[in-house]
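Visitor: Next up, input.cif (mmCIF, C-alpha atoms).
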data_start
#
loop_
_atom_site.group_PDB
_atom_site.id
_atom_site.type_symbol
_atom_site.label_atom_id
_atom_site.label_comp_id
_atom_site.auth_asym_id
_atom_site.auth_seq_id
_atom_site.Cartn_x
_atom_site.Cartn_y
_atom_site.Cartn_z
ATOM 1 C CA MET T 1 57.649 97.301 96.124
ATOM 2 C CA PRO T 2 59.345 95.432 98.987
ATOM 3 C CA ASP T 3 61.215 97.039 101.850
ATOM 4 C CA PHE T 4 64.881 97.596 101.226
ATOM 5 C CA PRO T 5 67.480 95.175 102.645
ATOM 6 C CA ASP T 6 69.467 96.457 105.605
ATOM 7 C CA PRO T 7 72.918 97.467 104.294
ATOM 8 C CA LYS T 8 74.411 96.785 107.747
ATOM 9 C CA THR T 9 73.826 93.060 107.214
ATOM 10 C CA MET T 10 75.822 93.114 103.977
ATOM 11 C CA SER T 11 79.565 92.835 103.438
ATOM 12 C CA LYS T 12 81.543 95.702 101.938
ATOM 13 C CA SER T 13 81.983 93.648 98.784
ATOM 14 C CA GLU T 14 78.250 92.873 98.514
ATOM 15 C CA LEU T 15 77.440 96.561 98.977
ATOM 16 C CA GLU T 16 80.001 97.752 96.460
ATOM 17 C CA THR T 17 79.904 95.173 93.726
ATOM 18 C CA GLY T 18 76.592 93.382 94.075
ATOM 19 C CA ASN T 19 73.252 93.999 92.409
ATOM 20 C CA VAL T 20 71.312 94.358 95.671
ATOM 21 C CA PHE T 21 69.918 97.861 96.125
ATOM 22 C CA ALA T 22 70.326 98.557 99.845
ATOM 23 C CA PRO T 23 70.308 102.315 100.359
ATOM 24 C CA SER T 24 71.940 103.450 103.611
ATOM 25 C CA PHE T 25 69.327 105.697 105.186
ATOM 26 C CA ASP T 26 70.467 107.889 108.064
ATOM 27 C CA GLN T 27 68.940 107.808 111.549
ATOM 28 C CA ASN T 28 66.037 109.873 110.220
ATOM 29 C CA GLY T 29 65.349 107.476 107.372
ATOM 30 C CA LEU T 30 66.780 109.859 104.797
ATOM 31 C CA ILE T 31 69.376 109.592 102.058
ATOM 32 C CA LEU T 32 70.972 112.405 100.089
ATOM 33 C CA ALA T 33 69.874 112.720 96.473
ATOM 34 C CA ILE T 34 72.037 114.685 94.067
ATOM 35 C CA THR T 35 70.049 115.709 91.029
ATOM 36 C CA CYS T 36 71.683 116.362 87.677
ATOM 37 C CA ASP T 37 70.377 117.379 84.278
ATOM 38 C CA ALA T 38 69.947 114.160 82.290
ATOM 39 C CA ASN T 39 71.081 115.843 79.083
ATOM 40 C CA THR T 40 74.042 117.932 80.224
ATOM 41 C CA ASN T 41 75.060 116.240 83.528
ATOM 42 C CA GLU T 42 74.875 119.698 85.142
ATOM 43 C CA LEU T 43 74.365 119.593 88.908
ATOM 44 C CA LEU T 44 70.936 121.082 89.594
ATOM 45 C CA MET T 45 70.348 120.600 93.321
ATOM 46 C CA ALA T 46 70.721 118.261 96.271
ATOM 47 C CA ALA T 47 67.984 117.257 98.690
ATOM 48 C CA TYR T 48 66.908 114.298 100.787
ATOM 49 C CA MET T 49 64.718 111.306 99.974
ATOM 50 C CA ASN T 50 63.028 108.772 102.190
ATOM 51 C CA GLU T 51 61.719 105.346 101.187
ATOM 52 C CA GLU T 52 58.435 106.803 100.004
ATOM 53 C CA SER T 53 60.160 109.457 97.844
ATOM 54 C CA ILE T 54 62.197 106.749 96.133
ATOM 55 C CA ARG T 55 59.102 104.637 95.518
ATOM 56 C CA LEU T 56 57.003 107.541 94.219
ATOM 57 C CA THR T 57 59.814 108.839 92.014
ATOM 58 C CA LEU T 58 60.131 105.452 90.335
ATOM 59 C CA GLU T 59 56.391 104.829 90.127
ATOM 60 C CA THR T 60 55.187 108.236 88.942
ATOM 61 C CA GLY T 61 58.116 109.329 86.785
ATOM 62 C CA PHE T 62 58.370 112.634 88.671
ATOM 63 C CA VAL T 63 61.033 113.320 91.266
ATOM 64 C CA HIS T 64 59.893 113.363 94.888
ATOM 65 C CA TYR T 65 62.059 114.407 97.829
ATOM 66 C CA TYR T 66 61.495 114.693 101.560
ATOM 67 C CA SER T 67 61.504 118.219 102.938
ATOM 68 C CA ARG T 68 63.358 118.352 106.243
ATOM 69 C CA SER T 69 62.083 121.868 107.003
ATOM 70 C CA ARG T 70 58.440 120.979 106.350
ATOM 71 C CA GLN T 71 58.936 117.379 107.560
ATOM 72 C CA SER T 72 56.857 116.004 104.727
ATOM 73 C CA LEU T 73 56.977 114.370 101.343
ATOM 74 C CA TRP T 74 57.852 116.920 98.679
ATOM 75 C CA LYS T 75 56.848 116.460 95.078
ATOM 76 C CA LYS T 76 59.299 118.808 93.427
ATOM 77 C CA GLY T 77 57.450 121.544 91.531
ATOM 78 C CA GLU T 78 54.023 120.632 92.861
ATOM 79 C CA SER T 79 53.220 124.248 93.718
ATOM 80 C CA SER T 80 55.607 126.046 91.349
ATOM 81 C CA GLY T 81 55.001 123.892 88.296
ATOM 82 C CA GLU T 82 58.761 123.231 88.071
ATOM 83 C CA LEU T 83 58.357 119.449 88.009
ATOM 84 C CA GLN T 84 61.331 117.179 87.459
ATOM 85 C CA GLN T 85 60.794 114.388 84.967
ATOM 86 C CA PHE T 86 62.625 111.328 86.220
ATOM 87 C CA VAL T 87 65.131 109.640 83.921
ATOM 88 C CA GLU T 88 67.481 107.476 86.010
ATOM 89 C CA MET T 89 68.494 106.745 89.606
ATOM 90 C CA ARG T 90 72.050 105.735 90.498
ATOM 91 C CA THR T 91 73.792 104.936 93.744
ATOM 92 C CA ASP T 92 77.410 105.168 94.813
ATOM 93 C CA CYS T 93 79.938 102.576 95.946
ATOM 94 C CA ASP T 94 78.766 102.384 99.561
ATOM 95 C CA GLN T 95 75.141 103.160 98.705
ATOM 96 C CA ASP T 96 74.824 106.195 100.969
ATOM 97 C CA ILE T 97 73.991 108.698 98.252
ATOM 98 C CA LEU T 98 71.695 108.644 95.259
ATOM 99 C CA GLN T 99 72.105 110.439 91.978
ATOM 100 C CA ILE T 100 68.972 111.394 90.117
ATOM 101 C CA LEU T 101 69.113 112.185 86.426
ATOM 102 C CA ALA T 102 66.116 114.299 85.478
ATOM 103 C CA ILE T 103 64.695 116.725 82.957
ATOM 104 C CA GLN T 104 63.712 119.989 84.595
ATOM 105 C CA THR T 105 60.307 121.011 83.208
ATOM 106 C CA GLY T 106 58.379 124.271 83.695
ATOM 107 C CA THR T 107 60.580 127.273 83.067
ATOM 108 C CA GLY T 108 63.586 124.982 83.598
ATOM 109 C CA ALA T 109 64.468 126.229 87.072
ATOM 110 C CA ALA T 110 65.430 123.685 89.740
ATOM 111 C CA CYS T 111 66.193 126.444 92.260
ATOM 112 C CA HIS T 112 63.515 128.297 94.219
ATOM 113 C CA THR T 113 65.359 131.531 93.345
ATOM 114 C CA GLY T 114 64.302 130.937 89.737
ATOM 115 C CA ARG T 115 67.666 129.765 88.435
ATOM 116 C CA LYS T 116 68.332 126.564 86.525
ATOM 117 C CA SER T 117 70.663 125.274 89.240
ATOM 118 C CA CYS T 118 71.039 126.004 92.943
ATOM 119 C CA LEU T 119 74.804 126.250 92.336
ATOM 120 C CA TYR T 120 74.777 129.760 90.873
ATOM 121 C CA ARG T 121 77.690 131.300 92.785
ATOM 122 C CA LYS T 122 81.372 130.551 92.796
ATOM 123 C CA VAL T 123 83.922 131.186 95.522
ATOM 124 C CA VAL T 124 86.592 133.737 94.640
ATOM 125 C CA ALA T 125 89.495 135.127 96.664
ATOM 126 C CA GLN T 126 89.569 138.911 96.741
ATOM 127 C CA ASN T 127 92.030 140.880 98.838
ATOM 128 C CA GLY T 128 92.803 137.780 100.871
ATOM 129 C CA LYS T 129 89.111 137.216 101.586
ATOM 130 C CA LEU T 130 86.764 134.593 100.186
ATOM 131 C CA GLN T 131 83.697 136.000 98.497
ATOM 132 C CA LEU T 132 80.955 134.787 96.208
ATOM 133 C CA GLU T 133 80.575 135.813 92.608
ATOM 134 C CA THR T 134 77.281 135.178 90.840
ATOM 135 C CA LEU T 135 77.618 133.090 87.693
ATOM 136 C CA ASP T 136 75.889 133.958 84.441
ATOM 137 C CA MET T 137 72.711 132.037 85.311
ATOM 138 C CA PRO T 138 69.839 134.531 85.253
ATOM 139 C CA PRO T 139 66.529 133.729 86.979
ATOM 140 C CA LEU T 140 63.993 132.074 84.658
ATOM 141 C CA PHE T 141 61.109 133.243 86.822
ATOM 142 C CA ASP T 142 60.524 135.884 89.465
ATOM 143 C CA PRO T 143 60.161 134.038 92.787
ATOM 144 C CA ALA T 144 58.237 136.945 94.371
ATOM 145 C CA GLN T 145 55.587 136.685 91.668
ATOM 146 C CA LYS T 146 55.558 132.891 91.367
ATOM 147 C CA TYR T 147 55.161 132.072 95.035
ATOM 148 C CA LYS T 148 52.748 134.978 95.621
ATOM 149 C CA SER T 149 50.433 133.782 92.877
ATOM 150 C CA GLN T 150 50.159 130.369 94.542
ATOM 151 C CA GLY T 151 49.014 132.093 97.731
ATOM 152 C CA MET D 1 92.383 133.391 105.341
ATOM 153 C CA PRO D 2 89.878 134.674 107.891
ATOM 154 C CA ASP D 3 87.283 132.568 109.685
ATOM 155 C CA PHE D 4 83.974 132.270 107.907
ATOM 156 C CA PRO D 5 81.018 134.419 108.964
ATOM 157 C CA ASP D 6 78.275 132.612 110.877
ATOM 158 C CA PRO D 7 75.406 132.000 108.421
ATOM 159 C CA LYS D 8 72.952 131.974 111.343
ATOM 160 C CA THR D 9 73.528 135.709 111.806
ATOM 161 C CA MET D 10 72.584 136.408 108.176
ATOM 162 C CA SER D 11 69.163 136.905 106.632
ATOM 163 C CA LYS D 12 67.811 134.476 104.040
ATOM 164 C CA SER D 13 68.245 137.160 101.411
ATOM 165 C CA GLU D 14 71.857 137.869 102.432
ATOM 166 C CA LEU D 15 72.624 134.139 102.321
ATOM 167 C CA GLU D 16 70.951 133.573 98.962
ATOM 168 C CA THR D 17 71.779 136.680 96.988
ATOM 169 C CA GLY D 18 74.784 138.256 98.685
ATOM 170 C CA ASN D 19 78.471 137.888 97.966
ATOM 171 C CA VAL D 20 79.380 136.791 101.509
ATOM 172 C CA PHE D 21 80.694 133.229 101.605
ATOM 173 C CA ALA D 22 79.233 131.791 104.802
ATOM 174 C CA PRO D 23 79.222 128.001 104.499
ATOM 175 C CA SER D 24 76.745 126.262 106.805
ATOM 176 C CA PHE D 25 78.832 123.654 108.575
ATOM 177 C CA ASP D 26 76.954 120.945 110.461
ATOM 178 C CA GLN D 27 77.390 120.258 114.181
ATOM 179 C CA ASN D 28 80.627 118.420 113.372
ATOM 180 C CA GLY D 29 82.062 121.330 111.425
ATOM 181 C CA LEU D 30 81.518 119.599 108.091
ATOM 182 C CA ILE D 31 79.825 120.518 104.827
ATOM 183 C CA LEU D 32 78.980 118.219 101.939
ATOM 184 C CA ALA D 33 81.105 118.645 98.826
ATOM 185 C CA ILE D 34 79.812 117.281 95.533
ATOM 186 C CA THR D 35 82.629 116.872 93.063
ATOM 187 C CA CYS D 36 82.086 116.992 89.320
ATOM 188 C CA ASP D 37 84.370 116.660 86.327
ATOM 189 C CA ALA D 38 85.259 120.207 85.293
ATOM 190 C CA ASN D 39 85.170 119.272 81.606
ATOM 191 C CA THR D 40 82.065 117.090 81.360
ATOM 192 C CA ASN D 41 80.071 118.078 84.489
ATOM 193 C CA GLU D 42 79.892 114.362 85.330
ATOM 194 C CA LEU D 43 79.257 113.655 89.008
ATOM 195 C CA LEU D 44 82.381 111.942 90.349
ATOM 196 C CA MET D 45 81.835 111.608 94.096
ATOM 197 C CA ALA D 46 80.533 113.291 97.215
ATOM 198 C CA ALA D 47 82.394 113.683 100.506
ATOM 199 C CA TYR D 48 82.722 116.107 103.386
ATOM 200 C CA MET D 49 84.944 119.124 103.905
ATOM 201 C CA ASN D 50 85.824 121.083 107.010
ATOM 202 C CA GLU D 51 87.269 124.596 107.159
ATOM 203 C CA GLU D 52 90.798 123.302 106.721
ATOM 204 C CA SER D 53 89.869 121.223 103.644
ATOM 205 C CA ILE D 54 88.341 124.289 102.016
ATOM 206 C CA ARG D 55 91.406 126.391 102.796
ATOM 207 C CA LEU D 56 93.886 123.754 101.600
ATOM 208 C CA THR D 57 91.895 123.032 98.437
ATOM 209 C CA LEU D 58 91.980 126.712 97.488
ATOM 210 C CA GLU D 59 95.596 127.238 98.534
ATOM 211 C CA THR D 60 97.207 124.127 97.074
ATOM 212 C CA GLY D 61 95.071 123.610 93.964
ATOM 213 C CA PHE D 62 94.388 120.000 94.964
ATOM 214 C CA VAL D 63 91.091 118.860 96.449
ATOM 215 C CA HIS D 64 91.124 118.027 100.152
ATOM 216 C CA TYR D 65 88.221 116.452 102.031
ATOM 217 C CA TYR D 66 87.674 115.379 105.615
ATOM 218 C CA SER D 67 87.367 111.643 106.165
ATOM 219 C CA ARG D 68 84.628 110.882 108.672
ATOM 220 C CA SER D 69 85.727 107.249 109.012
ATOM 221 C CA ARG D 70 89.367 108.138 109.683
ATOM 222 C CA GLN D 71 88.433 111.420 111.399
ATOM 223 C CA SER D 72 91.190 113.280 109.664
ATOM 224 C CA LEU D 73 92.035 115.593 106.812
ATOM 225 C CA TRP D 74 92.069 113.693 103.534
ATOM 226 C CA LYS D 75 94.077 114.866 100.577
ATOM 227 C CA LYS D 76 92.297 112.988 97.820
ATOM 228 C CA GLY D 77 94.695 110.665 96.029
ATOM 229 C CA GLU D 78 97.557 111.166 98.468
ATOM 230 C CA SER D 79 98.175 107.420 98.732
ATOM 231 C CA SER D 80 96.664 106.223 95.448
ATOM 232 C CA GLY D 81 98.064 108.967 93.237
ATOM 233 C CA GLU D 82 94.536 109.764 92.043
ATOM 234 C CA LEU D 83 94.803 113.467 92.917
ATOM 235 C CA GLN D 84 92.058 115.894 91.996
ATOM 236 C CA GLN D 85 93.229 119.131 90.425
ATOM 237 C CA PHE D 86 91.000 121.905 91.700
ATOM 238 C CA VAL D 87 89.230 124.136 89.171
ATOM 239 C CA GLU D 88 86.300 125.879 90.868
ATOM 240 C CA MET D 89 84.253 125.869 94.070
ATOM 241 C CA ARG D 90 80.563 126.790 94.080
ATOM 242 C CA THR D 91 77.922 126.941 96.757
ATOM 243 C CA ASP D 92 74.148 126.605 96.636
ATOM 244 C CA CYS D 93 71.320 129.000 97.492
ATOM 245 C CA ASP D 94 71.373 128.379 101.254
ATOM 246 C CA GLN D 95 75.114 127.676 101.367
ATOM 247 C CA ASP D 96 74.852 124.231 102.924
ATOM 248 C CA ILE D 97 76.509 122.332 100.100
ATOM 249 C CA LEU D 98 79.584 122.939 98.008
ATOM 250 C CA GLN D 99 80.222 121.887 94.453
ATOM 251 C CA ILE D 100 83.790 121.233 93.440
ATOM 252 C CA LEU D 101 84.777 121.249 89.785
ATOM 253 C CA ALA D 102 87.983 119.271 89.343
ATOM 254 C CA ILE D 103 90.157 117.394 86.905
ATOM 255 C CA GLN D 104 90.724 113.826 88.032
ATOM 256 C CA THR D 105 94.404 113.003 87.542
ATOM 257 C CA GLY D 106 96.231 109.665 87.870
ATOM 258 C CA THR D 107 94.379 106.925 86.002
ATOM 259 C CA GLY D 108 91.281 109.143 86.088
ATOM 260 C CA ALA D 109 89.451 107.234 88.810
ATOM 261 C CA ALA D 110 87.686 109.183 91.537
ATOM 262 C CA CYS D 111 86.309 105.997 93.098
ATOM 263 C CA HIS D 112 88.342 103.694 95.336
ATOM 264 C CA THR D 113 86.929 100.769 93.296
ATOM 265 C CA GLY D 114 88.975 102.070 90.369
ATOM 266 C CA ARG D 115 86.105 103.601 88.407
ATOM 267 C CA LYS D 116 85.947 107.140 87.094
ATOM 268 C CA SER D 117 82.883 107.912 89.221
ATOM 269 C CA CYS D 118 81.447 106.437 92.409
ATOM 270 C CA LEU D 119 78.050 106.435 90.682
ATOM 271 C CA TYR D 120 78.597 103.314 88.598
ATOM 272 C CA ARG D 121 75.322 101.497 89.193
ATOM 273 C CA LYS D 122 71.769 102.362 88.282
ATOM 274 C CA VAL D 123 68.551 101.244 89.930
ATOM 275 C CA VAL D 124 66.332 99.023 87.792
ATOM 276 C CA ALA D 125 63.023 97.334 88.539
ATOM 277 C CA GLN D 126 63.052 93.624 87.787
ATOM 278 C CA ASN D 127 60.137 91.331 88.614
ATOM 279 C CA GLY D 128 58.695 93.956 90.932
ATOM 280 C CA LYS D 129 61.997 94.240 92.783
ATOM 281 C CA LEU D 130 64.575 97.014 92.725
ATOM 282 C CA GLN D 131 68.051 95.906 91.761
ATOM 283 C CA LEU D 132 71.304 97.489 90.688
ATOM 284 C CA GLU D 133 72.756 97.226 87.222
ATOM 285 C CA THR D 134 76.403 98.123 86.678
ATOM 286 C CA LEU D 135 76.934 100.823 84.085
ATOM 287 C CA ASP D 136 79.559 100.603 81.394
ATOM 288 C CA MET D 137 82.295 102.184 83.519
ATOM 289 C CA PRO D 138 85.136 99.670 83.797
ATOM 290 C CA PRO D 139 87.766 99.996 86.550
ATOM 291 C CA LEU D 140 90.812 102.015 85.483
ATOM 292 C CA PHE D 141 92.972 100.322 88.101
ATOM 293 C CA ASP D 142 92.831 97.175 90.182
ATOM 294 C CA PRO D 143 92.153 98.258 93.762
ATOM 295 C CA ALA D 144 93.604 95.043 95.200
ATOM 296 C CA GLN D 145 96.917 95.785 93.517
ATOM 297 C CA LYS D 146 96.914 99.550 94.043
ATOM 298 C CA TYR D 147 96.172 99.561 97.754
ATOM 299 C CA LYS D 148 98.381 96.519 98.407
ATOM 300 C CA SER D 149 101.371 98.213 96.778
ATOM 301 C CA GLN D 150 101.003 101.195 99.102
ATOM 302 C CA GLY D 151 101.229 98.863 102.084
#
Could you render the structure as structure tokens?
Guide:
Amino acid sequence: MPDFPDPKTMSKSELETGNVFAPSFDQNGLILAITCDANTNELLMAAYMNEESIRLTLETGFVHYYSRSRQSLWKKGESSGELQQFVEMRTDCDQDILQILAIQTGTGAACHTGRKSCLYRKVVAQNGKLQLETLDMPPLFDPAQKYKSQG
Amino acid sequence: MPDFPDPKTMSKSELETGNVFAPSFDQNGLILAITCDANTNELLMAAYMNEESIRLTLETGFVHYYSRSRQSLWKKGESSGELQQFVEMRTDCDQDILQILAIQTGTGAACHTGRKSCLYRKVVAQNGKLQLETLDMPPLFDPAQKYKSQG
């Protein structure tokens, strides 16, 4: 798979309406990937990808990210078993974000807290203060047990 | 509405399981907001918010972002008429992204190209090369006309 074209050499119109895939990586070589359930469109999580994650996701059929905290390639679910089966990759008008459509395998939890989605709390105003309220999205696994058992 | 608590003073467990809304703004005071159709879950766009955008979105019922290119508050649709009616705000496990659920008003186009969603192209491999293929998401308005008419 060839290197990607440099989006800075392309016109706004080429970037927005053309068929050239020229992802705008940031200064660290990363691009934001927003991952949604391929069946329901539900937002599952957001993380970063580098060139290698994009390549491996397309080649292997399983979603790979880049972990900024661990500074390394991250095959989602490699240790937890919560793999994401790749369905489709999209990009936006100015090609600085990716959308991944995937099927969450394993117990069905994209979030390390055991929930289907990382977006499990909503913002509510109470007594003039903003607070979080947990949505009806119970954990599908117990993170203390799951991560302990992988040592 | 009070200032937000500093997430750096909170434990991982407080951030992930508590009811304290402590958005992790970046060094520029911004947080990524991923906006989805409140009826279909469809990913419409992603942009940044600052404290004021969050406050105004909640207070006015219309989604406000912060434009990094114009370096100013951005009431979505203010010039185009494509306002986003606010429905719900969520945050993720570590509170460094927001999800906005909204109803896209106007012609129904969240994207400045006139399409419902900014994610209107998918990545396809052709002859060993990655290219973009435009999805069946026709423009709902003609951007040349719309932006011209607003001077």
Visitor: With all atoms listed in the file considered, list every residue of chain T at most 9 Å from chain D, as a ChimeraX atom specification.
Guide: /T:1-2,4,16-22,34,36,40-43,45-46,58,88-94,97-99,111-113,117-125,128-134
Visitor: Run the PyMOL selection byres ((chain T and resi 63) around 7) on the file and write out the hits as a ChimeraX atom specification.
Guide: /T:57,61-62,64-65,75-76,84-86
Visitor: Have a look at atom CA of Glu78 of chain D and atom CA of Met137 of chain D and let me know their distance in Å, one decimal.
Guide: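 The value is 23.2 Å.
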Visitor: Measure the distance from atom CA of Lys8 of chain T to atom CA of Asn50 of chain T in Å and round it to one decimal.
Guide: 17.4 Å
Visitor: Report, as AutoDock Vina command-line options, the centre and edge lengths in Å (one decimal) of the axis-aligned box enclosing every listed atom of segment 79-88 of chain T, padded by 4 Å on each side.
Guide:
--center_x 60.4 --center_y 116.8 --center_z 88.8 --size_x 22.3 --size_y 26.6 --size_z 17.8
Visitor: Could you expand the PyMOL selection byres ((chain T and resi 29) around 12) into the explicit residues it covers here, written as a PyMOL selection string?
Guide: chain T and resi 4+6+23-28+30-32+48-54+66+68+71+96
Visitor: Filtering to C-alpha atoms, could you give me those residues as a PDB file, keeping the file's coordinate frame?
Guide:
ATOM      1  CA  PHE T   4      64.881  97.596 101.226  1.00  0.00           C
ATOM      2  CA  ASP T   6      69.467  96.457 105.605  1.00  0.00           C
ATOM      3  CA  PRO T  23      70.308 102.315 100.359  1.00  0.00           C
ATOM      4  CA  SER T  24      71.940 103.450 103.611  1.00  0.00           C
ATOM      5  CA  PHE T  25      69.327 105.697 105.186  1.00  0.00           C
ATOM      6  CA  ASP T  26      70.467 107.889 108.064  1.00  0.00           C
ATOM      7  CA  GLN T  27      68.940 107.808 111.549  1.00  0.00           C
ATOM      8  CA  ASN T  28      66.037 109.873 110.220  1.00  0.00           C
ATOM      9  CA  LEU T  30      66.780 109.859 104.797  1.00  0.00           C
ATOM     10  CA  ILE T  31      69.376 109.592 102.058  1.00  0.00           C
ATOM     11  CA  LEU T  32      70.972 112.405 100.089  1.00  0.00           C
ATOM     12  CA  TYR T  48      66.908 114.298 100.787  1.00  0.00           C
ATOM     13  CA  MET T  49      64.718 111.306  99.974  1.00  0.00           C
ATOM     14  CA  ASN T  50      63.028 108.772 102.190  1.00  0.00           C
ATOM     15  CA  GLU T  51      61.719 105.346 101.187  1.00  0.00           C
ATOM     16  CA  GLU T  52      58.435 106.803 100.004  1.00  0.00           C
ATOM     17  CA  SER T  53      60.160 109.457  97.844  1.00  0.00           C
ATOM     18  CA  ILE T  54      62.197 106.749  96.133  1.00  0.00           C
ATOM     19  CA  TYR T  66      61.495 114.693 101.560  1.00  0.00           C
ATOM     20  CA  ARG T  68      63.358 118.352 106.243  1.00  0.00           C
ATOM     21  CA  GLN T  71      58.936 117.379 107.560  1.00  0.00           C
ATOM     22  CA  ASP T  96      74.824 106.195 100.969  1.00  0.00           C
TER      23      ASP T  96
END
Visitor: Given the file above and the PyMOL selection byres ((chain D and resi 147) around 12), which residues are selected, and can you give them as a ChimeraX atom specification?
Guide: /D:77-82,112-114,141-146,148-151
Visitor: Record the distance separating atom CA of Leu140 of chain D and atom CA of Gly108 of chain D, expressed in Å with one decimal.
Guide: 7.2 Å
Visitor: Would you list the contacts of Val87 of chain D as a PyMOL selection string, taking every protein, DNA or RNA residue within 7 Å and counting only C-alpha atoms, but skipping same-chain residues closer than 2 positions in sequence?
Guide: chain D and resi 38+85+101-102
